[in-house]
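Raw work.pdb, PDB, C-alpha atoms and all ligand atoms:
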MODEL        1
ATOM      1  CA  MET A 931      39.726   7.049  39.679
ATOM      2  CA  SER A 932      38.434   6.182  36.216
ATOM      3  CA  ARG A 933      38.124   8.995  33.701
ATOM      4  CA  ALA A 934      34.813   7.613  32.530
ATOM      5  CA  ARG A 935      33.068   8.466  35.801
ATOM      6  CA  PRO A 936      31.060  11.685  35.430
ATOM      7  CA  GLN A 937      32.560  14.555  37.438
ATOM      8  CA  ARG A 938      30.774  17.263  39.378
ATOM      9  CA  THR A 939      31.939  20.211  41.434
ATOM     10  CA  CYS A 940      31.129  20.812  45.096
ATOM     11  CA  ALA A 941      29.185  24.088  45.337
ATOM     12  CA  ALA A 942      30.949  24.948  48.603
ATOM     13  CA  CYS A 943      34.662  24.245  48.020
ATOM     14  CA  ARG A 944      34.673  23.963  44.180
ATOM     15  CA  THR A 945      36.546  20.648  44.299
ATOM     16  CA  GLU A 946      35.804  18.393  41.369
ATOM     17  CA  ARG A 947      34.991  14.775  42.289
ATOM     18  CA  ALA A 948      33.227  11.771  40.810
ATOM     19  CA  ARG A 949      29.492  12.451  40.892
ATOM     20  CA  ASP A 950      28.747   9.423  43.077
ATOM     21  CA  GLU A 951      31.149  10.661  45.741
ATOM     22  CA  LEU A 952      29.116  13.834  46.184
ATOM     23  CA  ILE A 953      25.703  14.485  47.699
ATOM     24  CA  ARG A 954      23.111  15.767  45.232
ATOM     25  CA  LEU A 955      20.828  18.552  46.407
ATOM     26  CA  VAL A 956      17.577  19.652  44.831
ATOM     27  CA  VAL A 957      15.239  22.519  45.588
ATOM     28  CA  GLY A 958      11.506  22.074  46.239
ATOM     29  CA  PRO A 959       8.754  24.387  44.957
ATOM     30  CA  ASN A 960       8.794  26.371  48.207
ATOM     31  CA  GLY A 961      12.550  26.921  48.022
ATOM     32  CA  SER A 962      13.421  24.234  50.577
ATOM     33  CA  VAL A 963      16.653  22.381  49.827
ATOM     34  CA  PHE A 964      16.464  18.573  49.950
ATOM     35  CA  VAL A 965      18.916  15.718  49.617
ATOM     36  CA  ASP A 966      18.361  13.675  46.472
ATOM     37  CA  VAL A 967      19.389  10.392  48.068
ATOM     38  CA  ARG A 968      19.317   8.281  44.886
ATOM     39  CA  ALA A 969      20.592  11.205  42.788
ATOM     40  CA  LYS A 970      17.790  10.562  40.310
ATOM     41  CA  LEU A 971      15.312  13.402  40.808
ATOM     42  CA  PRO A 972      14.668  15.519  37.719
ATOM     43  CA  GLY A 973      15.559  19.167  37.526
ATOM     44  CA  ARG A 974      18.568  21.218  38.421
ATOM     45  CA  GLY A 975      20.854  19.774  41.082
ATOM     46  CA  ALA A 976      23.732  21.104  43.108
ATOM     47  CA  TYR A 977      26.457  18.974  44.642
ATOM     48  CA  VAL A 978      28.269  19.082  47.954
ATOM     49  CA  CYS A 979      31.092  17.016  49.469
ATOM     50  CA  PRO A 980      30.020  14.552  52.178
ATOM     51  CA  GLN A 981      31.887  16.709  54.705
ATOM     52  CA  ARG A 982      30.618  18.797  57.533
ATOM     53  CA  SER A 983      32.706  21.835  56.547
ATOM     54  CA  CYS A 984      31.233  22.015  53.031
ATOM     55  CA  VAL A 985      27.642  21.512  54.215
ATOM     56  CA  ASP A 986      28.093  24.166  56.909
ATOM     57  CA  ARG A 987      29.435  26.599  54.330
ATOM     58  CA  LEU A 988      26.301  26.185  52.185
ATOM     59  CA  CYS A 989      24.106  26.823  55.226
ATOM     60  CA  ALA A 990      26.076  29.887  56.251
ATOM     61  CA  ARG A 991      26.091  31.344  52.743
ATOM     62  CA  PRO A 992      22.684  30.680  51.135
ATOM     63  CA  GLU A 993      23.638  32.890  48.166
ATOM     64  CA  ILE A 994      25.841  30.017  46.886
ATOM     65  CA  LEU A 995      22.823  27.747  46.420
ATOM     66  CA  ARG A 996      20.672  30.624  45.232
ATOM     67  CA  ARG A 997      23.153  31.096  42.398
ATOM     68  CA  ALA A 998      23.437  27.355  41.708
ATOM     69  CA  PHE A 999      19.669  26.887  41.500
ATOM     70  CA  LYS A1000      18.970  30.301  39.997
ATOM     71  CA  ALA A1001      16.089  30.518  42.480
ATOM     72  CA  PRO A1002      15.446  31.618  46.048
ATOM     73  CA  VAL A1003      16.402  28.865  48.500
ATOM     74  CA  ASP A1004      15.804  28.136  52.154
ATOM     75  CA  SER A1005      18.807  26.217  53.497
ATOM     76  CA  THR A1006      17.919  26.422  57.199
ATOM     77  CA  GLU A1007      17.222  22.683  57.490
ATOM     78  CA  LEU A1008      19.963  21.613  55.104
ATOM     79  CA  ALA A1009      22.577  20.434  57.619
ATOM     80  CA  ALA A1010      20.024  18.339  59.503
ATOM     81  CA  ARG A1011      18.616  16.869  56.267
ATOM     82  CA  VAL A1012      22.037  15.923  54.920
ATOM     83  CA  LEU A1013      22.960  14.217  58.190
ATOM     84  CA  GLU A1014      19.611  12.444  58.380
ATOM     85  CA  ALA A1015      19.861  11.191  54.795
ATOM     86  CA  SER A1016      23.406   9.909  55.297
ATOM     87  CA  THR A1017      22.554   8.238  58.596
ATOM     88  CA  GLN A1018      19.579   6.540  56.949
ATOM     89  CA  ARG A1019      21.756   5.310  54.082
ATOM     90  CA  ALA A1020      24.245   3.866  56.559
ATOM     91  CA  ILE A1021      21.452   2.140  58.497
ATOM     92  CA  ASP A1022      19.957   0.745  55.273
ATOM     93  CA  ALA A1023      23.376  -0.581  54.269
ATOM     94  CA  LEU A1024      23.868  -2.095  57.737
ATOM     95  CA  SER A1025      20.516  -3.902  57.634
ATOM     96  CA  LEU A1026      21.122  -5.152  54.103
ATOM     97  CA  VAL A1027      24.526  -6.564  55.081
ATOM     98  CA  ALA A1028      23.005  -7.998  58.276
ATOM     99  CA  ARG A1029      20.375  -9.867  56.251
ATOM    100  CA  THR A1030      23.110 -11.522  54.212
ATOM    101  CA  GLY A1031      24.899 -12.634  57.391
ATOM    102  CA  GLY A1032      27.677 -10.098  56.913
ATOM    103  CA  LEU A1033      27.632  -8.693  60.446
ATOM    104  CA  ILE A1034      28.775 -10.296  63.647
ATOM    105  CA  GLY A1035      27.857  -8.888  67.020
ATOM    106  CA  GLY A1036      28.676  -9.459  70.655
ATOM    107  CA  ALA A1037      31.996  -9.364  72.495
ATOM    108  CA  ALA A1038      32.169 -13.174  72.861
ATOM    109  CA  GLN A1039      31.581 -13.832  69.155
ATOM    110  CA  LEU A1040      34.174 -11.230  68.183
ATOM    111  CA  GLU A1041      36.713 -12.774  70.554
ATOM    112  CA  ARG A1042      36.079 -16.213  69.110
ATOM    113  CA  LEU A1043      36.601 -14.859  65.607
ATOM    114  CA  ALA A1044      39.863 -13.158  66.597
ATOM    115  CA  ARG A1045      41.121 -16.365  68.236
ATOM    116  CA  ARG A1046      40.569 -18.156  64.945
ATOM    117  CA  GLN A1047      42.758 -15.447  63.337
ATOM    118  CA  GLN A1048      39.886 -14.307  61.144
ATOM    119  CA  SER A1049      39.932 -10.712  60.050
ATOM    120  CA  LEU A1050      37.145  -8.213  59.572
ATOM    121  CA  ALA A1051      36.482  -5.448  57.048
ATOM    122  CA  GLY A1052      35.505  -3.052  59.827
ATOM    123  CA  LEU A1053      34.060  -2.488  63.286
ATOM    124  CA  VAL A1054      30.998  -0.412  64.156
ATOM    125  CA  PHE A1055      30.619   1.128  67.609
ATOM    126  CA  ALA A1056      27.221   2.057  69.027
ATOM    127  CA  ALA A1057      26.850   5.696  70.117
ATOM    128  CA  ASP A1058      26.702   4.597  73.763
ATOM    129  CA  ALA A1059      29.443   1.947  73.599
ATOM    130  CA  ALA A1060      31.848   2.169  76.550
ATOM    131  CA  ASP A1061      35.417   3.224  75.754
ATOM    132  CA  ARG A1062      36.675  -0.049  77.203
ATOM    133  CA  ALA A1063      34.479  -2.105  74.866
ATOM    134  CA  LYS A1064      35.761  -0.102  71.894
ATOM    135  CA  ARG A1065      39.381  -0.464  72.983
ATOM    136  CA  ASN A1066      39.021  -4.204  73.510
ATOM    137  CA  ALA A1067      37.430  -4.722  70.107
ATOM    138  CA  SER A1068      40.009  -2.639  68.244
ATOM    139  CA  LYS A1069      42.799  -4.512  70.035
ATOM    140  CA  LEU A1070      41.348  -7.840  68.868
ATOM    141  CA  PHE A1071      41.351  -6.665  65.270
ATOM    142  CA  ASP A1072      44.435  -4.513  64.976
ATOM    143  CA  GLY A1073      44.376  -1.993  62.137
ATOM    144  CA  VAL A1074      40.769  -2.668  61.148
ATOM    145  CA  PRO A1075      38.834   0.549  60.348
ATOM    146  CA  CYS A1076      36.437   1.566  63.136
ATOM    147  CA  PHE A1077      33.275   3.613  62.748
ATOM    148  CA  GLN A1078      31.289   5.479  65.324
ATOM    149  CA  CYS A1079      27.612   5.064  64.543
ATOM    150  CA  SER A1080      24.777   7.341  65.662
ATOM    151  CA  LEU A1081      22.607   4.387  66.781
ATOM    152  CA  ASP A1082      22.690   3.288  70.399
ATOM    153  CA  ALA A1083      23.450  -0.326  71.322
ATOM    154  CA  ALA A1084      19.755  -1.260  71.476
ATOM    155  CA  SER A1085      19.039   0.090  67.977
ATOM    156  CA  LEU A1086      22.245  -1.334  66.526
ATOM    157  CA  GLY A1087      21.273  -4.761  67.899
ATOM    158  CA  GLU A1088      17.800  -4.355  66.413
ATOM    159  CA  VAL A1089      19.244  -3.618  62.962
ATOM    160  CA  ILE A1090      21.038  -6.966  63.033
ATOM    161  CA  GLY A1091      18.029  -8.721  64.545
ATOM    162  CA  LYS A1092      19.595  -9.293  67.956
ATOM    163  CA  GLY A1093      19.616  -7.842  71.464
ATOM    164  CA  PRO A1094      21.718  -4.761  72.307
ATOM    165  CA  ARG A1095      25.144  -4.765  70.651
ATOM    166  CA  ALA A1096      27.779  -2.163  71.588
ATOM    167  CA  VAL A1097      30.222  -3.386  68.944
ATOM    168  CA  VAL A1098      29.466  -5.081  65.635
ATOM    169  CA  GLY A1099      32.005  -6.539  63.228
ATOM    170  CA  ILE A1100      31.680  -6.361  59.450
ATOM    171  CA  ARG A1101      32.772  -9.525  57.618
ATOM    172  CA  TYR A1102      34.384  -9.283  54.203
ATOM    173  CA  SER A1103      31.678  -9.678  51.559
ATOM    174  CA  ALA A1104      30.585  -8.301  48.219
ATOM    175  CA  LEU A1105      28.737  -5.587  50.137
ATOM    176  CA  SER A1106      31.255  -4.714  52.834
ATOM    177  CA  GLU A1107      33.085  -2.051  50.799
ATOM    178  CA  THR A1108      29.836  -0.147  50.129
ATOM    179  CA  LEU A1109      28.891  -0.369  53.787
ATOM    180  CA  LEU A1110      32.277   1.030  54.855
ATOM    181  CA  GLN A1111      31.801   3.952  52.461
ATOM    182  CA  GLU A1112      28.332   4.738  53.830
ATOM    183  CA  LEU A1113      29.585   4.561  57.423
ATOM    184  CA  ALA A1114      32.542   6.837  56.638
ATOM    185  CA  ARG A1115      30.218   9.307  54.940
ATOM    186  CA  ALA A1116      27.770   9.416  57.849
ATOM    187  CA  GLU A1117      30.648   9.785  60.298
ATOM    188  CA  ALA A1118      32.211  12.672  58.343
ATOM    189  CA  LEU A1119      28.886  14.520  58.479
ATOM    190  CA  GLY A1120      28.094  13.869  62.130
TER
HETATM  191 ZN    ZN A1201      33.335  20.502  49.136
ENDMDL
END

File written out as structure tokens:
Amino acid sequence: MSRARPQRTCAACRTERARDELIRLVVGPNGSVFVDVRAKLPGRGAYVCPQRSCVDRLCARPEILRRAFKAPVDSTELAARVLEASTQRAIDALSLVARTGGLIGGAAQLERLARRQQSLAGLVFAADAADRAKRNASKLFDGVPCFQCSLDAASLGEVIGKGPRAVVGIRYSALSETLLQELARAEALG
């Protein structure tokens, strides 16, 4: 980790991390806590790790955010909003990579790729993918990171502009690393 990256502290566990590894929260005029997805909104922000345990802690103990924002806060919807924002970021990253031809879907295509000894940066499983399909795909690409996605096969296929896809492979590209990070984040919050 470079020293030049600005550091922030998670309000829940007090761990210091690079700012872009944390989720920025802001408070609306009515006290509602929102996710600042682009981390660009003006005003006071609070940060939380992209981890379920830290988000849950902020929901369970609203006084933490009340202190951070120096204002009354309503954190009842926070867990749902954090998950929604992270899922949306992962879907946006998936569609962006799909548009650049960075995703490959369908069992037959994945098998063909594996036969040609080509590797992948990662595998994405639809929420309703059968265990057998997941096992087969991970066996084809041994050691490749796998991500469980909250989209079902129909929606995952739609994102890549195809019919239903239970398993999608991520090719190595300039964008694949970012996509893996977004998928890991969404998974850690789910
Ligand atoms: Zn934390």

Contacts of ligand ZN 1201 (chain A), 12 Å or closer, only C-alpha atoms and all ligand atoms, given as a PyMOL selection string:
chain A and resi 938-947+951-954+976-988+1119

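For the choices A:Leu1026, A:Ala948, A:Leu1033, A:Leu971, the atom-to-atom distance to A:Tyr1102 is smallest for A:Leu1033 when using all atoms listed in the file.
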
Nearest to A:Ala1010: which of A:Val965, A:Pro959, A:Leu1050, A:Arg1101 is it, counting all atoms listed in the file?
A:Val965

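From atom CA of A:Gln1018 back to atom CA of A:Asp1072, the distance works out to 28.4 Å.
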
Expansion of the PyMOL selection byres (((chain A and resi 1085-1087) around 10) and not hetatm) into residues, as a PDB file with C-alpha atoms, in the frame of the given file:
ATOM      1  CA  ILE A1021      21.452   2.140  58.497  1.00  0.00           C
ATOM      2  CA  LEU A1024      23.868  -2.095  57.737  1.00  0.00           C
ATOM      3  CA  SER A1025      20.516  -3.902  57.634  1.00  0.00           C
ATOM      4  CA  GLY A1035      27.857  -8.888  67.020  1.00  0.00           C
ATOM      5  CA  GLY A1036      28.676  -9.459  70.655  1.00  0.00           C
ATOM      6  CA  VAL A1054      30.998  -0.412  64.156  1.00  0.00           C
ATOM      7  CA  PHE A1055      30.619   1.128  67.609  1.00  0.00           C
ATOM      8  CA  ALA A1056      27.221   2.057  69.027  1.00  0.00           C
ATOM      9  CA  ALA A1057      26.850   5.696  70.117  1.00  0.00           C
ATOM     10  CA  CYS A1079      27.612   5.064  64.543  1.00  0.00           C
ATOM     11  CA  SER A1080      24.777   7.341  65.662  1.00  0.00           C
ATOM     12  CA  LEU A1081      22.607   4.387  66.781  1.00  0.00           C
ATOM     13  CA  ASP A1082      22.690   3.288  70.399  1.00  0.00           C
ATOM     14  CA  ALA A1083      23.450  -0.326  71.322  1.00  0.00           C
ATOM     15  CA  ALA A1084      19.755  -1.260  71.476  1.00  0.00           C
ATOM     16  CA  GLU A1088      17.800  -4.355  66.413  1.00  0.00           C
ATOM     17  CA  VAL A1089      19.244  -3.618  62.962  1.00  0.00           C
ATOM     18  CA  ILE A1090      21.038  -6.966  63.033  1.00  0.00           C
ATOM     19  CA  GLY A1091      18.029  -8.721  64.545  1.00  0.00           C
ATOM     20  CA  LYS A1092      19.595  -9.293  67.956  1.00  0.00           C
ATOM     21  CA  GLY A1093      19.616  -7.842  71.464  1.00  0.00           C
ATOM     22  CA  PRO A1094      21.718  -4.761  72.307  1.00  0.00           C
ATOM     23  CA  ARG A1095      25.144  -4.765  70.651  1.00  0.00           C
ATOM     24  CA  ALA A1096      27.779  -2.163  71.588  1.00  0.00           C
ATOM     25  CA  VAL A1097      30.222  -3.386  68.944  1.00  0.00           C
ATOM     26  CA  VAL A1098      29.466  -5.081  65.635  1.00  0.00           C
TER      27      VAL A1098
END

What residues come out when you apply the PyMOL selection byres (((chain A and resi 996) around 12) and not hetatm) to this file, written as a ChimeraX atom specification?
/A:941,956-957,961-963,974-976,988-989,991-995,997-1005

Would you give the centre and edge lengths, in Å to one decimal, of a box along x, y and z around the listed atoms of stretch 1042-1058 of chain A, with 3 Å added to each side, as JSON?
{"center_x": 34.7, "center_y": -6.2, "center_z": 65.4, "size_x": 22.1, "size_y": 29.9, "size_z": 22.7}

Separation of atom CA of A:Pro1075 and atom CA of A:Ala1051, in Å?
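These two atoms are separated by 7.2 Å.
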
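Here atom CA of A:Lys1069 is placed at a distance of 9.8 Å from atom CA of A:Ala1044.
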
May I ask which of the residues A:Arg1115, A:Gln937, A:Gly1052, A:Phe964 is the closest one to A:Arg1011, counting only C-alpha atoms?
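Using only C-alpha atoms, A:Arg1011 sits closest to A:Phe964.
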
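Nearest residue to A:Glu1117 among A:Ala1059, A:Leu1013, A:Val1074, A:Leu1105 is A:Leu1013, counting all atoms listed in the file.
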
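The closest residue to A:Ser1103, picked from A:Leu1043, A:Ala1028, A:Ala969, A:Ala1038 and counting all atoms listed in the file, is A:Ala1028.
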
At the level of N, CA and C atoms, write stretch 1003-1016 of chain A to a file as a compact mmCIF listing (two decimals), in the first residue's frame, please.
# COMPACT_ATOMS: atom_id res chain seq x y z
N VAL A 1003 -29.04 10.86 13.59
CA VAL A 1003 -29.05 10.04 12.37
C VAL A 1003 -30.10 8.94 12.48
N ASP A 1004 -30.57 8.52 11.31
CA ASP A 1004 -31.49 7.40 11.23
C ASP A 1004 -30.79 6.34 10.38
N SER A 1005 -30.31 5.27 11.05
CA SER A 1005 -29.52 4.27 10.31
C SER A 1005 -30.32 3.00 10.02
N THR A 1006 -31.67 3.11 10.12
CA THR A 1006 -32.48 1.90 9.96
C THR A 1006 -32.31 1.25 8.58
N GLU A 1007 -32.14 2.08 7.54
CA GLU A 1007 -32.05 1.53 6.19
C GLU A 1007 -30.61 1.32 5.75
N LEU A 1008 -29.68 1.60 6.65
CA LEU A 1008 -28.27 1.64 6.23
C LEU A 1008 -27.77 0.33 5.62
N ALA A 1009 -28.03 -0.79 6.30
CA ALA A 1009 -27.52 -2.08 5.80
C ALA A 1009 -28.03 -2.35 4.39
N ALA A 1010 -29.32 -2.13 4.18
CA ALA A 1010 -29.91 -2.36 2.86
C ALA A 1010 -29.32 -1.43 1.81
N ARG A 1011 -29.08 -0.16 2.20
CA ARG A 1011 -28.55 0.82 1.24
C ARG A 1011 -27.11 0.50 0.86
N VAL A 1012 -26.33 0.06 1.84
CA VAL A 1012 -24.93 -0.28 1.56
C VAL A 1012 -24.87 -1.47 0.60
N LEU A 1013 -25.71 -2.48 0.88
CA LEU A 1013 -25.72 -3.67 0.02
C LEU A 1013 -26.19 -3.31 -1.38
N GLU A 1014 -27.24 -2.49 -1.45
CA GLU A 1014 -27.78 -2.10 -2.75
C GLU A 1014 -26.73 -1.33 -3.57
N ALA A 1015 -26.05 -0.39 -2.90
CA ALA A 1015 -25.04 0.41 -3.61
C ALA A 1015 -23.90 -0.47 -4.10
N SER A 1016 -23.47 -1.42 -3.29
CA SER A 1016 -22.35 -2.28 -3.69
C SER A 1016 -22.76 -3.23 -4.81
